[in-house]
$ cat final-v5.pdb   # PDB, N, CA and C atoms
ATOM      1  N   MET A  37      -8.699   0.274 -11.834  1.00  0.00           N
ATOM      2  CA  MET A  37      -8.550   1.709 -11.589  1.00  0.00           C
ATOM      3  C   MET A  37      -7.348   2.197 -12.388  1.00  0.00           C
ATOM      4  N   ASN A  38      -7.602   2.715 -13.537  1.00  0.00           N
ATOM      5  CA  ASN A  38      -6.514   3.207 -14.369  1.00  0.00           C
ATOM      6  C   ASN A  38      -6.607   4.697 -14.627  1.00  0.00           C
ATOM      7  N   ASN A  39      -7.619   5.347 -14.087  1.00  0.00           N
ATOM      8  CA  ASN A  39      -7.800   6.771 -14.329  1.00  0.00           C
ATOM      9  C   ASN A  39      -6.935   7.573 -13.369  1.00  0.00           C
ATOM     10  N   LYS A  40      -5.802   8.016 -13.878  1.00  0.00           N
ATOM     11  CA  LYS A  40      -4.865   8.752 -13.036  1.00  0.00           C
ATOM     12  C   LYS A  40      -5.378  10.134 -12.656  1.00  0.00           C
ATOM     13  N   ASN A  41      -6.463  10.562 -13.275  1.00  0.00           N
ATOM     14  CA  ASN A  41      -7.050  11.861 -12.936  1.00  0.00           C
ATOM     15  C   ASN A  41      -8.035  11.766 -11.771  1.00  0.00           C
ATOM     16  N   ASP A  42      -8.374  10.559 -11.399  1.00  0.00           N
ATOM     17  CA  ASP A  42      -9.280  10.332 -10.270  1.00  0.00           C
ATOM     18  C   ASP A  42      -8.469  10.430  -8.979  1.00  0.00           C
ATOM     19  N   GLU A  43      -8.969  11.164  -7.998  1.00  0.00           N
ATOM     20  CA  GLU A  43      -8.208  11.334  -6.752  1.00  0.00           C
ATOM     21  C   GLU A  43      -7.976  10.015  -6.016  1.00  0.00           C
ATOM     22  N   ASN A  44      -8.799   9.014  -6.272  1.00  0.00           N
ATOM     23  CA  ASN A  44      -8.605   7.721  -5.623  1.00  0.00           C
ATOM     24  C   ASN A  44      -7.438   6.941  -6.212  1.00  0.00           C
ATOM     25  N   TYR A  45      -6.935   7.381  -7.371  1.00  0.00           N
ATOM     26  CA  TYR A  45      -5.820   6.669  -7.991  1.00  0.00           C
ATOM     27  C   TYR A  45      -4.615   6.586  -7.054  1.00  0.00           C
ATOM     28  N   ILE A  46      -4.367   7.617  -6.286  1.00  0.00           N
ATOM     29  CA  ILE A  46      -3.196   7.610  -5.403  1.00  0.00           C
ATOM     30  C   ILE A  46      -3.322   6.512  -4.343  1.00  0.00           C
ATOM     31  N   TYR A  47      -4.545   6.267  -3.877  1.00  0.00           N
ATOM     32  CA  TYR A  47      -4.762   5.191  -2.911  1.00  0.00           C
ATOM     33  C   TYR A  47      -4.553   3.830  -3.581  1.00  0.00           C
ATOM     34  N   TYR A  48      -5.001   3.722  -4.812  1.00  0.00           N
ATOM     35  CA  TYR A  48      -4.800   2.498  -5.595  1.00  0.00           C
ATOM     36  C   TYR A  48      -3.306   2.238  -5.783  1.00  0.00           C
ATOM     37  N   LEU A  49      -2.574   3.258  -6.198  1.00  0.00           N
ATOM     38  CA  LEU A  49      -1.138   3.146  -6.432  1.00  0.00           C
ATOM     39  C   LEU A  49      -0.400   2.737  -5.158  1.00  0.00           C
ATOM     40  N   VAL A  50      -0.676   3.419  -4.059  1.00  0.00           N
ATOM     41  CA  VAL A  50      -0.020   3.103  -2.788  1.00  0.00           C
ATOM     42  C   VAL A  50      -0.402   1.689  -2.335  1.00  0.00           C
ATOM     43  N   SER A  51      -1.659   1.313  -2.503  1.00  0.00           N
ATOM     44  CA  SER A  51      -2.083  -0.016  -2.041  1.00  0.00           C
ATOM     45  C   SER A  51      -1.364  -1.124  -2.799  1.00  0.00           C
ATOM     46  N   LYS A  52      -1.215  -0.969  -4.100  1.00  0.00           N
ATOM     47  CA  LYS A  52      -0.520  -1.982  -4.902  1.00  0.00           C
ATOM     48  C   LYS A  52       0.952  -2.058  -4.508  1.00  0.00           C
ATOM     49  N   ASN A  53       1.572  -0.910  -4.309  1.00  0.00           N
ATOM     50  CA  ASN A  53       2.982  -0.897  -3.912  1.00  0.00           C
ATOM     51  C   ASN A  53       3.160  -1.403  -2.485  1.00  0.00           C
ATOM     52  N   LEU A  54       2.233  -1.087  -1.602  1.00  0.00           N
ATOM     53  CA  LEU A  54       2.296  -1.610  -0.241  1.00  0.00           C
ATOM     54  C   LEU A  54       2.249  -3.137  -0.262  1.00  0.00           C
ATOM     55  N   LYS A  55       1.317  -3.688  -1.000  1.00  0.00           N
ATOM     56  CA  LYS A  55       1.183  -5.142  -1.079  1.00  0.00           C
ATOM     57  C   LYS A  55       2.467  -5.764  -1.628  1.00  0.00           C
ATOM     58  N   ARG A  56       3.028  -5.179  -2.674  1.00  0.00           N
ATOM     59  CA  ARG A  56       4.274  -5.676  -3.269  1.00  0.00           C
ATOM     60  C   ARG A  56       5.413  -5.636  -2.254  1.00  0.00           C
ATOM     61  N   LEU A  57       5.550  -4.514  -1.574  1.00  0.00           N
ATOM     62  CA  LEU A  57       6.638  -4.354  -0.605  1.00  0.00           C
ATOM     63  C   LEU A  57       6.459  -5.272   0.604  1.00  0.00           C
ATOM     64  N   ARG A  58       5.236  -5.368   1.080  1.00  0.00           N
ATOM     65  CA  ARG A  58       4.950  -6.238   2.235  1.00  0.00           C
ATOM     66  C   ARG A  58       5.278  -7.685   1.898  1.00  0.00           C
ATOM     67  N   LYS A  59       4.846  -8.128   0.723  1.00  0.00           N
ATOM     68  CA  LYS A  59       5.115  -9.508   0.317  1.00  0.00           C
ATOM     69  C   LYS A  59       6.610  -9.746   0.106  1.00  0.00           C
ATOM     70  N   SER A  60       7.319  -8.737  -0.378  1.00  0.00           N
ATOM     71  CA  SER A  60       8.757  -8.889  -0.595  1.00  0.00           C
ATOM     72  C   SER A  60       9.503  -9.098   0.730  1.00  0.00           C
ATOM     73  N   LYS A  61       8.881  -8.676   1.833  1.00  0.00           N
ATOM     74  CA  LYS A  61       9.455  -8.875   3.169  1.00  0.00           C
ATOM     75  C   LYS A  61       8.873 -10.117   3.843  1.00  0.00           C
ATOM     76  N   ASN A  62       8.088 -10.887   3.071  1.00  0.00           N
ATOM     77  CA  ASN A  62       7.468 -12.129   3.563  1.00  0.00           C
ATOM     78  C   ASN A  62       6.608 -11.902   4.797  1.00  0.00           C
ATOM     79  N   LEU A  63       5.843 -10.823   4.779  1.00  0.00           N
ATOM     80  CA  LEU A  63       4.934 -10.517   5.884  1.00  0.00           C
ATOM     81  C   LEU A  63       3.490 -10.707   5.445  1.00  0.00           C
ATOM     82  N   THR A  64       2.709 -11.363   6.285  1.00  0.00           N
ATOM     83  CA  THR A  64       1.268 -11.425   6.044  1.00  0.00           C
ATOM     84  C   THR A  64       0.661 -10.074   6.428  1.00  0.00           C
ATOM     85  N   GLN A  65      -0.563  -9.855   6.035  1.00  0.00           N
ATOM     86  CA  GLN A  65      -1.237  -8.616   6.439  1.00  0.00           C
ATOM     87  C   GLN A  65      -1.296  -8.514   7.961  1.00  0.00           C
ATOM     88  N   THR A  66      -1.561  -9.615   8.628  1.00  0.00           N
ATOM     89  CA  THR A  66      -1.660  -9.619  10.085  1.00  0.00           C
ATOM     90  C   THR A  66      -0.312  -9.307  10.735  1.00  0.00           C
ATOM     91  N   GLN A  67       0.734  -9.943  10.251  1.00  0.00           N
ATOM     92  CA  GLN A  67       2.074  -9.671  10.796  1.00  0.00           C
ATOM     93  C   GLN A  67       2.461  -8.206  10.593  1.00  0.00           C
ATOM     94  N   PHE A  68       2.207  -7.704   9.394  1.00  0.00           N
ATOM     95  CA  PHE A  68       2.532  -6.317   9.087  1.00  0.00           C
ATOM     96  C   PHE A  68       1.730  -5.367   9.974  1.00  0.00           C
ATOM     97  N   ALA A  69       0.452  -5.647  10.131  1.00  0.00           N
ATOM     98  CA  ALA A  69      -0.416  -4.820  10.974  1.00  0.00           C
ATOM     99  C   ALA A  69       0.115  -4.761  12.404  1.00  0.00           C
ATOM    100  N   GLU A  70       0.530  -5.902  12.928  1.00  0.00           N
ATOM    101  CA  GLU A  70       1.069  -5.948  14.296  1.00  0.00           C
ATOM    102  C   GLU A  70       2.330  -5.098  14.420  1.00  0.00           C
ATOM    103  N   LYS A  71       3.212  -5.166  13.431  1.00  0.00           N
ATOM    104  CA  LYS A  71       4.451  -4.386  13.464  1.00  0.00           C
ATOM    105  C   LYS A  71       4.174  -2.885  13.381  1.00  0.00           C
ATOM    106  N   CYS A  72       3.076  -2.526  12.717  1.00  0.00           N
ATOM    107  CA  CYS A  72       2.711  -1.106  12.549  1.00  0.00           C
ATOM    108  C   CYS A  72       1.789  -0.592  13.653  1.00  0.00           C
ATOM    109  N   ASN A  73       1.297  -1.491  14.493  1.00  0.00           N
ATOM    110  CA  ASN A  73       0.296  -1.146  15.513  1.00  0.00           C
ATOM    111  C   ASN A  73      -1.021  -0.672  14.908  1.00  0.00           C
ATOM    112  N   TYR A  74      -1.398  -1.302  13.808  1.00  0.00           N
ATOM    113  CA  TYR A  74      -2.707  -1.071  13.183  1.00  0.00           C
ATOM    114  C   TYR A  74      -3.468  -2.387  13.183  1.00  0.00           C
ATOM    115  N   SER A  75      -4.750  -2.319  12.945  1.00  0.00           N
ATOM    116  CA  SER A  75      -5.544  -3.545  12.893  1.00  0.00           C
ATOM    117  C   SER A  75      -5.340  -4.232  11.544  1.00  0.00           C
ATOM    118  N   PRO A  76      -5.429  -5.564  11.543  1.00  0.00           N
ATOM    119  CA  PRO A  76      -5.332  -6.283  10.267  1.00  0.00           C
ATOM    120  C   PRO A  76      -6.410  -5.823   9.273  1.00  0.00           C
ATOM    121  N   GLY A  77      -7.580  -5.492   9.776  1.00  0.00           N
ATOM    122  CA  GLY A  77      -8.665  -5.009   8.904  1.00  0.00           C
ATOM    123  C   GLY A  77      -8.304  -3.719   8.190  1.00  0.00           C
ATOM    124  N   PHE A  78      -7.584  -2.843   8.868  1.00  0.00           N
ATOM    125  CA  PHE A  78      -7.142  -1.579   8.271  1.00  0.00           C
ATOM    126  C   PHE A  78      -6.187  -1.855   7.099  1.00  0.00           C
ATOM    127  N   ILE A  79      -5.233  -2.757   7.307  1.00  0.00           N
ATOM    128  CA  ILE A  79      -4.290  -3.124   6.249  1.00  0.00           C
ATOM    129  C   ILE A  79      -5.042  -3.812   5.116  1.00  0.00           C
ATOM    130  N   MET A  80      -5.955  -4.698   5.461  1.00  0.00           N
ATOM    131  CA  MET A  80      -6.762  -5.394   4.461  1.00  0.00           C
ATOM    132  C   MET A  80      -7.550  -4.390   3.611  1.00  0.00           C
ATOM    133  N   ASN A  81      -8.142  -3.397   4.258  1.00  0.00           N
ATOM    134  CA  ASN A  81      -8.899  -2.381   3.528  1.00  0.00           C
ATOM    135  C   ASN A  81      -8.007  -1.566   2.599  1.00  0.00           C
ATOM    136  N   ILE A  82      -6.807  -1.231   3.049  1.00  0.00           N
ATOM    137  CA  ILE A  82      -5.888  -0.466   2.206  1.00  0.00           C
ATOM    138  C   ILE A  82      -5.517  -1.264   0.960  1.00  0.00           C
ATOM    139  N   GLU A  83      -5.272  -2.548   1.124  1.00  0.00           N
ATOM    140  CA  GLU A  83      -4.855  -3.388   0.009  1.00  0.00           C
ATOM    141  C   GLU A  83      -6.018  -3.927  -0.824  1.00  0.00           C
ATOM    142  N   SER A  84      -7.240  -3.631  -0.438  1.00  0.00           N
ATOM    143  CA  SER A  84      -8.424  -4.131  -1.128  1.00  0.00           C
ATOM    144  C   SER A  84      -8.523  -3.587  -2.555  1.00  0.00           C
ATOM    145  N   LYS A  85      -8.980  -4.432  -3.461  1.00  0.00           N
ATOM    146  CA  LYS A  85      -9.198  -4.017  -4.857  1.00  0.00           C
ATOM    147  C   LYS A  85     -10.455  -3.180  -5.005  1.00  0.00           C
ATOM    148  N   SER A  86     -11.389  -3.345  -4.093  1.00  0.00           N
ATOM    149  CA  SER A  86     -12.702  -2.727  -4.277  1.00  0.00           C
ATOM    150  C   SER A  86     -13.036  -1.644  -3.250  1.00  0.00           C
ATOM    151  N   PHE A  87     -12.091  -1.288  -2.420  1.00  0.00           N
ATOM    152  CA  PHE A  87     -12.372  -0.332  -1.342  1.00  0.00           C
ATOM    153  C   PHE A  87     -11.218   0.655  -1.262  1.00  0.00           C
ATOM    154  N   TYR A  88     -11.533   1.917  -1.061  1.00  0.00           N
ATOM    155  CA  TYR A  88     -10.490   2.929  -0.919  1.00  0.00           C
ATOM    156  C   TYR A  88     -10.442   3.401   0.524  1.00  0.00           C
ATOM    157  N   GLN A  89      -9.485   2.855   1.243  1.00  0.00           N
ATOM    158  CA  GLN A  89      -9.268   3.235   2.640  1.00  0.00           C
ATOM    159  C   GLN A  89      -8.324   4.431   2.651  1.00  0.00           C
ATOM    160  N   THR A  90      -8.765   5.527   3.222  1.00  0.00           N
ATOM    161  CA  THR A  90      -7.879   6.678   3.343  1.00  0.00           C
ATOM    162  C   THR A  90      -6.940   6.483   4.523  1.00  0.00           C
ATOM    163  N   PHE A  91      -5.821   7.173   4.485  1.00  0.00           N
ATOM    164  CA  PHE A  91      -4.833   7.095   5.554  1.00  0.00           C
ATOM    165  C   PHE A  91      -3.981   8.348   5.489  1.00  0.00           C
ATOM    166  N   SER A  92      -3.287   8.614   6.575  1.00  0.00           N
ATOM    167  CA  SER A  92      -2.497   9.841   6.678  1.00  0.00           C
ATOM    168  C   SER A  92      -1.079   9.642   6.155  1.00  0.00           C
ATOM    169  N   LEU A  93      -0.400  10.747   5.966  1.00  0.00           N
ATOM    170  CA  LEU A  93       1.019  10.684   5.605  1.00  0.00           C
ATOM    171  C   LEU A  93       1.821  10.049   6.731  1.00  0.00           C
ATOM    172  N   GLY A  94       1.396  10.267   7.954  1.00  0.00           N
ATOM    173  CA  GLY A  94       2.050   9.630   9.102  1.00  0.00           C
ATOM    174  C   GLY A  94       1.941   8.121   9.032  1.00  0.00           C
ATOM    175  N   THR A  95       0.797   7.627   8.595  1.00  0.00           N
ATOM    176  CA  THR A  95       0.609   6.187   8.423  1.00  0.00           C
ATOM    177  C   THR A  95       1.550   5.669   7.347  1.00  0.00           C
ATOM    178  N   LEU A  96       1.637   6.394   6.254  1.00  0.00           N
ATOM    179  CA  LEU A  96       2.531   5.993   5.168  1.00  0.00           C
ATOM    180  C   LEU A  96       3.982   5.988   5.642  1.00  0.00           C
ATOM    181  N   TRP A  97       4.351   6.967   6.438  1.00  0.00           N
ATOM    182  CA  TRP A  97       5.694   7.031   7.007  1.00  0.00           C
ATOM    183  C   TRP A  97       5.962   5.818   7.895  1.00  0.00           C
ATOM    184  N   THR A  98       4.964   5.433   8.692  1.00  0.00           N
ATOM    185  CA  THR A  98       5.090   4.243   9.542  1.00  0.00           C
ATOM    186  C   THR A  98       5.303   3.000   8.686  1.00  0.00           C
ATOM    187  N   PHE A  99       4.530   2.869   7.612  1.00  0.00           N
ATOM    188  CA  PHE A  99       4.686   1.724   6.712  1.00  0.00           C
ATOM    189  C   PHE A  99       6.114   1.655   6.176  1.00  0.00           C
ATOM    190  N   ALA A 100       6.622   2.794   5.733  1.00  0.00           N
ATOM    191  CA  ALA A 100       7.979   2.843   5.175  1.00  0.00           C
ATOM    192  C   ALA A 100       9.014   2.447   6.223  1.00  0.00           C
ATOM    193  N   LYS A 101       8.818   2.943   7.429  1.00  0.00           N
ATOM    194  CA  LYS A 101       9.749   2.640   8.522  1.00  0.00           C
ATOM    195  C   LYS A 101       9.747   1.140   8.841  1.00  0.00           C
ATOM    196  N   VAL A 102       8.571   0.550   8.960  1.00  0.00           N
ATOM    197  CA  VAL A 102       8.449  -0.876   9.284  1.00  0.00           C
ATOM    198  C   VAL A 102       9.026  -1.737   8.160  1.00  0.00           C
ATOM    199  N   LEU A 103       8.806  -1.332   6.912  1.00  0.00           N
ATOM    200  CA  LEU A 103       9.301  -2.107   5.772  1.00  0.00           C
ATOM    201  C   LEU A 103      10.755  -1.770   5.414  1.00  0.00           C
ATOM    202  N   ASN A 104      11.287  -0.746   6.089  1.00  0.00           N
ATOM    203  CA  ASN A 104      12.660  -0.305   5.846  1.00  0.00           C
ATOM    204  C   ASN A 104      12.878   0.092   4.378  1.00  0.00           C
ATOM    205  N   VAL A 105      11.952   0.911   3.864  1.00  0.00           N
ATOM    206  CA  VAL A 105      12.040   1.424   2.501  1.00  0.00           C
ATOM    207  C   VAL A 105      11.840   2.935   2.518  1.00  0.00           C
ATOM    208  N   ASP A 106      12.281   3.576   1.470  1.00  0.00           N
ATOM    209  CA  ASP A 106      12.034   5.007   1.286  1.00  0.00           C
ATOM    210  C   ASP A 106      10.553   5.202   0.986  1.00  0.00           C
ATOM    211  N   VAL A 107       9.947   6.211   1.544  1.00  0.00           N
ATOM    212  CA  VAL A 107       8.515   6.450   1.359  1.00  0.00           C
ATOM    213  C   VAL A 107       8.157   6.615  -0.128  1.00  0.00           C
ATOM    214  N   ARG A 108       9.120   7.031  -0.933  1.00  0.00           N
ATOM    215  CA  ARG A 108       8.855   7.195  -2.371  1.00  0.00           C
ATOM    216  C   ARG A 108       8.545   5.869  -3.061  1.00  0.00           C
ATOM    217  N   GLU A 109       8.930   4.759  -2.442  1.00  0.00           N
ATOM    218  CA  GLU A 109       8.644   3.438  -3.013  1.00  0.00           C
ATOM    219  C   GLU A 109       7.144   3.214  -3.220  1.00  0.00           C
ATOM    220  N   PHE A 110       6.327   3.859  -2.400  1.00  0.00           N
ATOM    221  CA  PHE A 110       4.874   3.677  -2.491  1.00  0.00           C
ATOM    222  C   PHE A 110       4.268   4.390  -3.692  1.00  0.00           C
ATOM    223  N   PHE A 111       5.041   5.254  -4.323  1.00  0.00           N
ATOM    224  CA  PHE A 111       4.535   6.050  -5.442  1.00  0.00           C
ATOM    225  C   PHE A 111       5.128   5.634  -6.783  1.00  0.00           C
ATOM    226  N   LYS A 112       5.839   4.514  -6.796  1.00  0.00           N
ATOM    227  CA  LYS A 112       6.434   4.035  -8.046  1.00  0.00           C
ATOM    228  C   LYS A 112       5.346   3.609  -9.017  1.00  0.00           C
ATOM    229  N   PRO A 113       5.548   3.911 -10.313  1.00  0.00           N
ATOM    230  CA  PRO A 113       4.569   3.467 -11.317  1.00  0.00           C
ATOM    231  C   PRO A 113       4.441   1.951 -11.291  1.00  0.00           C
ATOM    232  N   LEU A 114       3.260   1.471 -11.611  1.00  0.00           N
ATOM    233  CA  LEU A 114       2.986   0.044 -11.582  1.00  0.00           C
ATOM    234  C   LEU A 114       3.358  -0.593 -12.919  1.00  0.00           C
ATOM    235  N   ASP A 115       3.905  -1.805 -12.852  1.00  0.00           N
ATOM    236  CA  ASP A 115       4.106  -2.547 -14.087  1.00  0.00           C
ATOM    237  C   ASP A 115       2.821  -3.309 -14.385  1.00  0.00           C
ATOM    238  N   GLU A 116       2.747  -3.907 -15.527  1.00  0.00           N
ATOM    239  CA  GLU A 116       1.519  -4.594 -15.943  1.00  0.00           C
ATOM    240  C   GLU A 116       1.142  -5.728 -14.991  1.00  0.00           C
ATOM    241  N   GLU A 117       2.138  -6.427 -14.472  1.00  0.00           N
ATOM    242  CA  GLU A 117       1.864  -7.544 -13.549  1.00  0.00           C
ATOM    243  C   GLU A 117       1.197  -7.046 -12.270  1.00  0.00           C
ATOM    244  N   SER A 118       1.648  -5.910 -11.747  1.00  0.00           N
ATOM    245  CA  SER A 118       1.077  -5.357 -10.520  1.00  0.00           C
ATOM    246  C   SER A 118      -0.376  -4.959 -10.708  1.00  0.00           C
ATOM    247  N   LYS A 119      -0.713  -4.508 -11.901  1.00  0.00           N
ATOM    248  CA  LYS A 119      -2.082  -4.056 -12.166  1.00  0.00           C
ATOM    249  C   LYS A 119      -3.085  -5.205 -12.121  1.00  0.00           C
ATOM    250  N   LYS A 120      -2.612  -6.415 -12.422  1.00  0.00           N
ATOM    251  CA  LYS A 120      -3.496  -7.595 -12.415  1.00  0.00           C
ATOM    252  C   LYS A 120      -3.772  -8.078 -11.002  1.00  0.00           C
ATOM    253  N   ASP A 121      -2.833  -7.845 -10.107  1.00  0.00           N
ATOM    254  CA  ASP A 121      -2.883  -8.377  -8.750  1.00  0.00           C
ATOM    255  C   ASP A 121      -4.012  -7.808  -7.939  1.00  0.00           C
TER
END
$ encode --input "final-v5.pdb" --output "structure tokens"
Amino acid sequence: MNNKNDENYIYYLVSKNLKRLRKSKNLTQTQFAEKCNYSPGFIMNIESKSFYQTFSLGTLWTFAKVLNVDVREFFKPLDEESKKD
């Protein structure tokens, strides 16, 4: 997904950054889901390469709070390594 003009790109961007941030905190999808009070399947769908799970700004705020990061971290441009993941 490299088409930045596609509305789904924002979900792709957030999902890649979420996965990067979650892993940097050494959390599995299940552990992260429990801390956020979401189902592991919901987190799995968000981070999926082939599925676009929608979510609210409130959900994104919760993610930032649990990961102890600024919400803007989810919108950082991806480096080449992140795009392969």
$ closest_residue --input "final-v5.pdb" --among "A:Ser86, A:Asn39, A:Thr64, A:Asn53" --to "Val107 (chain A)" --atoms "only C-alpha atoms"
A:Asn53
$ closest_residue --input "final-v5.pdb" --among "A:Leu54, A:Thr90, A:Ile79, A:Ala100" --to "Thr66 (chain A)" --atoms "only N, CA and C atoms"
A:Ile79
$ residues_near_point --input "final-v5.pdb" --point "(7.0, 4.0, -7.0)" --cutoff "10 Å" --atoms "only C-alpha atoms" --output "mmCIF file with N, CA and C atoms, keeping the file's coordinate frame"
data_model
loop_
_atom_site.group_PDB
_atom_site.id
_atom_site.type_symbol
_atom_site.label_atom_id
_atom_site.label_comp_id
_atom_site.auth_asym_id
_atom_site.auth_seq_id
_atom_site.Cartn_x
_atom_site.Cartn_y
_atom_site.Cartn_z
ATOM 1 N N LEU A 49 -2.574 3.258 -6.198
ATOM 2 C CA LEU A 49 -1.138 3.146 -6.432
ATOM 3 C C LEU A 49 -0.400 2.737 -5.158
ATOM 4 N N VAL A 50 -0.676 3.419 -4.059
ATOM 5 C CA VAL A 50 -0.020 3.103 -2.788
ATOM 6 C C VAL A 50 -0.402 1.689 -2.335
ATOM 7 N N LYS A 52 -1.215 -0.969 -4.100
ATOM 8 C CA LYS A 52 -0.520 -1.982 -4.902
ATOM 9 C C LYS A 52 0.952 -2.058 -4.508
ATOM 10 N N ASN A 53 1.572 -0.910 -4.309
ATOM 11 C CA ASN A 53 2.982 -0.897 -3.912
ATOM 12 C C ASN A 53 3.160 -1.403 -2.485
ATOM 13 N N LEU A 54 2.233 -1.087 -1.602
ATOM 14 C CA LEU A 54 2.296 -1.610 -0.241
ATOM 15 C C LEU A 54 2.249 -3.137 -0.262
ATOM 16 N N ASP A 106 12.281 3.576 1.470
ATOM 17 C CA ASP A 106 12.034 5.007 1.286
ATOM 18 C C ASP A 106 10.553 5.202 0.986
ATOM 19 N N VAL A 107 9.947 6.211 1.544
ATOM 20 C CA VAL A 107 8.515 6.450 1.359
ATOM 21 C C VAL A 107 8.157 6.615 -0.128
ATOM 22 N N ARG A 108 9.120 7.031 -0.933
ATOM 23 C CA ARG A 108 8.855 7.195 -2.371
ATOM 24 C C ARG A 108 8.545 5.869 -3.061
ATOM 25 N N GLU A 109 8.930 4.759 -2.442
ATOM 26 C CA GLU A 109 8.644 3.438 -3.013
ATOM 27 C C GLU A 109 7.144 3.214 -3.220
ATOM 28 N N PHE A 110 6.327 3.859 -2.400
ATOM 29 C CA PHE A 110 4.874 3.677 -2.491
ATOM 30 C C PHE A 110 4.268 4.390 -3.692
ATOM 31 N N PHE A 111 5.041 5.254 -4.323
ATOM 32 C CA PHE A 111 4.535 6.050 -5.442
ATOM 33 C C PHE A 111 5.128 5.634 -6.783
ATOM 34 N N LYS A 112 5.839 4.514 -6.796
ATOM 35 C CA LYS A 112 6.434 4.035 -8.046
ATOM 36 C C LYS A 112 5.346 3.609 -9.017
ATOM 37 N N PRO A 113 5.548 3.911 -10.313
ATOM 38 C CA PRO A 113 4.569 3.467 -11.317
ATOM 39 C C PRO A 113 4.441 1.951 -11.291
ATOM 40 N N LEU A 114 3.260 1.471 -11.611
ATOM 41 C CA LEU A 114 2.986 0.044 -11.582
ATOM 42 C C LEU A 114 3.358 -0.593 -12.919
#
$ residues_around --input "final-v5.pdb" --residues "Cys72 (chain A)" --least-positions-apart "4" --cutoff "6.5 Å" --atoms "only N, CA and C atoms" --output "PyMOL selection string"
chain A and resi 67-68+98
$ closest_residue --input "final-v5.pdb" --among "A:Leu103, A:Lys71, A:Gly77, A:Glu83" --to "Lys55 (chain A)" --atoms "all atoms listed in the file"
A:Glu83
